[in-house]
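Engineer: Handing you a structure now.
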Amino acid sequence: MKFGILVNEGPFTHQASDSAYRFAEAALAKGHEVWRVFFYHDGVNNSNKLSEPQSDDRNLVKLWSELGREHDLDLVVCVAAALRRGIKDELLAAGFRISGLGQLVEAGIQADRLVVFGD
Amino acid sequence: MKFGILVNEGPFTHQASDSAYRFAEAALAKGHEVWRVFFYHDGVNNSNKLSEPQSDDRNLVKLWSELGREHDLDLVVCVAAALRRGIKDELLAAGFRISGLGQLVEAGIQADRLVVFGD
Amino acid sequence: MSDEMGYEGEVVKRFMYVNRKAPYGTIYALENLETVLIAAAFDQDVSVVFVDDGVYQLKKGQDTKEIGMKNFSPTFRALDDYDVEKLYVEKESLEARGLTAEELVVPVEVVSTEDLREIMAQQDVVLSC
Amino acid sequence: MSDEMGYEGEVVKRFMYVNRKAPYGTIYALENLETVLIAAAFDQDVSVVFVDDGVYQLKKGQDTKEIGMKNFSPTFRALDDYDVEKLYVEKESLEARGLTAEELVVPVEVVSTEDLREIMAQQDVVLSC
Amino acid sequence: MLHTVNKSPFERNTLRSCLRLAQKGSAVLLMEDGVYAALSGTAVSDEIADRMDDLSFYVLGPDIAARGLSESPLIGGVQVVDYGGFVDLVVEHEASNAWL
Amino acid sequence: MLHTVNKSPFERNTLRSCLRLAQKGSAVLLMEDGVYAALSGTAVSDEIADRMDDLSFYVLGPDIAARGLSESPLIGGVQVVDYGGFVDLVVEHEASNAWL
């Protein structure tokens, strides 16, 4: 089955990004496809490669990047939400791309299920 | 009177930064001193100079920078919260500095009043 | 389930945007509205629901000058131009807040909790906030 | 008001940290704890209060392995080493959640709403979250 | 003490916790989404009306106006202040407590 | 439809709204801070217990364990799932609705 995933909050402040990551991992482990992960609202902050958590904490930006590389995921950061919050191309971690909100609607249309994680 | 102000949320997502800004402006207009503004939790995102809101929207990063310049404010971004969230020196808008949480406690001790804005 | 073929043979899905938050205290109301406007361009079956504090988004007379934020409530009036015509407001949410449909910036369909439950259950994609 | 002189002639203020949020769902519990640990170094009169969902921060037996986050509840046991000894838990908050003081990771003083109201009113600086 | 409440009383327990723990004689300022608690004729109006003898209630006018509530009747006794009035309230009370 | 609730029932109205608008026969998954609603013996346990005939309730085990609730009794009928079980629930229901 094809999943679309929407992440509405940044790393750390809310559990949303953690939950979405674990959901994506579990879906892939079961042989499903993650068709696109869309980062909206503060979710755009998940793509900031400067994020440097303490050494005994998880690094969500890196986790998403790596999951993206391993499974060739489409990690899309909303341009309007990103500009407001100061997330630009020069900050993007590997595997993320910035694009329009239409990509979220498209995920809703193309994926069999859209699953939302937020505050 | 000497005020300390604590801002716990980033720009846009919650009204906290807007309210804190208007409070600071009003306090200064009444002749009070704003001894320090401390940015904690997602509040560290108020210092990101790449923030580029739509042209008809307010630019909170710039507003804080300008208020800081006009009134020589001490705008302190918490280092631990900032590192996690990928806010580093190269992103800091004019007038902000990164320092430790002790600066918040110090604001609580030195200021006559500490006023908190958050989610 | 309710997937149908559109006039160009494309899949048409039922998209529902559920607004549960008040405006200005958080950005969700504004950024969700941005999504609805984009969604309208995709020729899907779009409905927008206002429940709980979401009904406050539609309150007439908003004046944001003193808080320095943009008043986005007039944009709801533009939804009609985008062919987004299904706007539902839950009666119970309105009443709990002492509001009437006359106090809202756009004409809406005021529905009972039971009716809304029914409409919601028929959707393919639900985006709540 | 309650400003006193410390032994080195410094002002000692009453700082109260009020925890109202559950752990893990948001970062506030963890980042507030970081503040309390720093505050302890400043020789102020520090108290930490747990009310509403904040009491869940102290629940014994937390195991965060499967959610991939760090279990910070053992850190509450370190507060004593930092001379942070005034930990108050509101009785009503505990009871509403079916919890008892025995289920918490540290010894606390369980106080009534009336007592807590009194203690809170005497503070110079209150940081709630 | 000055208590500030910035959350909708319909959405969260914040106002209720504040009212439970605010000592008699304190002031409560409703701001941001907290201003909805100041309206009369809603399902939660009694929460504040019932404490009118114990506590002083204020509401931030700019947040009332932003939400289209300038013409809406407030609970009797709630006083409207602007940001300058907010500053004065902080000055008048020895400490402030933000219920977030 | 699968409804997900990630907020504490003590702090917010999210669960209550979900239960009001979830149609008979739907599934509700409690996750993140929403797992507190699955506990028996709390002031809000009845909200779910009262709907046990209409709706199927699930709770995310990893979130239960993280919060130290593995030994705490759950409301009878609530089923514990892991992330894989969450994925299965999404697959089994035609649409999902996250109450945020």
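Chain labels A, B, ... are given in the sequence in which chains occur in the structure tokens; within each chain residues are numbered consecutively from 1, and ligands are likewise numbered from 1 in the order shown.
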From the DSSP assignment of the backbone, select every residue of chain F that is strand (DSSP E or B), and format the answer as a list of chain:residue names.
Structural biologist: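 Matching residues, listed in order: F:Leu2, F:His3, F:Thr4, F:Val5, F:Arg12, F:Ala27, F:Val28, F:Leu29, F:Leu30, F:Leu39, F:Ser56, F:Phe57, F:Tyr58, F:Val59, F:Leu60, F:Leu74, F:Gln79, F:Val80, F:Val81, F:Ser96, F:Asn97, F:Ala98, F:Trp99.
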Engineer: Name the residues of region 25-79 of chain C that fall into helix (DSSP H, G or I) according to DSSP on the backbone, using the chain letters and numbers of this document, as a PyMOL selection string.
Structural biologist: chain C and resi 28-42+52-58+65-67+75-79
Engineer: Using only C-alpha atoms, find the one residue out of E:Lys7, E:Arg67, E:His93, E:Arg51 that sits nearest to chain F.
Structural biologist: E:Lys7
Engineer: Neighbouring residues of Val110 (chain D) were defined as those with any atom within 7 Å, considering only C-alpha atoms; residues of the same chain fewer than 4 positions away were excluded. Please report them as a count of residues only.
Structural biologist: 4
Engineer: Where does chain A meet chain C within 7 Å, residue by residue, with the nearest atom pair and distance in Å to one decimal for each, counting only C-alpha atoms, listed by chain and rising number, as a Markdown table?
Structural biologist:
| residue | atom | partner | partner_atom | distance |
| --- | --- | --- | --- | --- |
| A:Leu101 | CA | C:Thr35 | CA | 6.5 |
| A:Gly102 | CA | C:Ile38 | CA | 6.1 |
| A:Val105 | CA | C:Ala39 | CA | 5.9 |
| A:Gly108 | CA | C:Val125 | CA | 6.5 |
| A:Ile109 | CA | C:Lys13 | CA | 6.7 |
| A:Leu114 | CA | C:Val125 | CA | 6.7 |
Engineer: At a cut-off of 8 Å, using only C-alpha atoms, what residues contact region 40-42 of chain E? Leave out same-chain residues fewer than 5 positions from it and give the result as a list in words.
Structural biologist: Glu95, Ala96, Arg97 and Gly98 of chain C; Pro73, Leu74, Ile75 and Gly76 of chain E
Engineer: Could you write those residues out with C-alpha atoms, as a CSV table (one decimal), in the first residue's frame?
Structural biologist:
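Written file, part_7.csv:
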chain,number,residue,atom,x,y,z
C,95,GLU,CA,-24.0,27.5,20.5
C,96,ALA,CA,-21.4,26.7,23.2
C,97,ARG,CA,-19.8,30.0,22.2
C,98,GLY,CA,-23.0,32.0,22.1
E,73,PRO,CA,-20.6,41.6,25.7
E,74,LEU,CA,-18.0,40.8,28.3
E,75,ILE,CA,-18.7,39.3,31.7
E,76,GLY,CA,-19.6,42.1,34.1
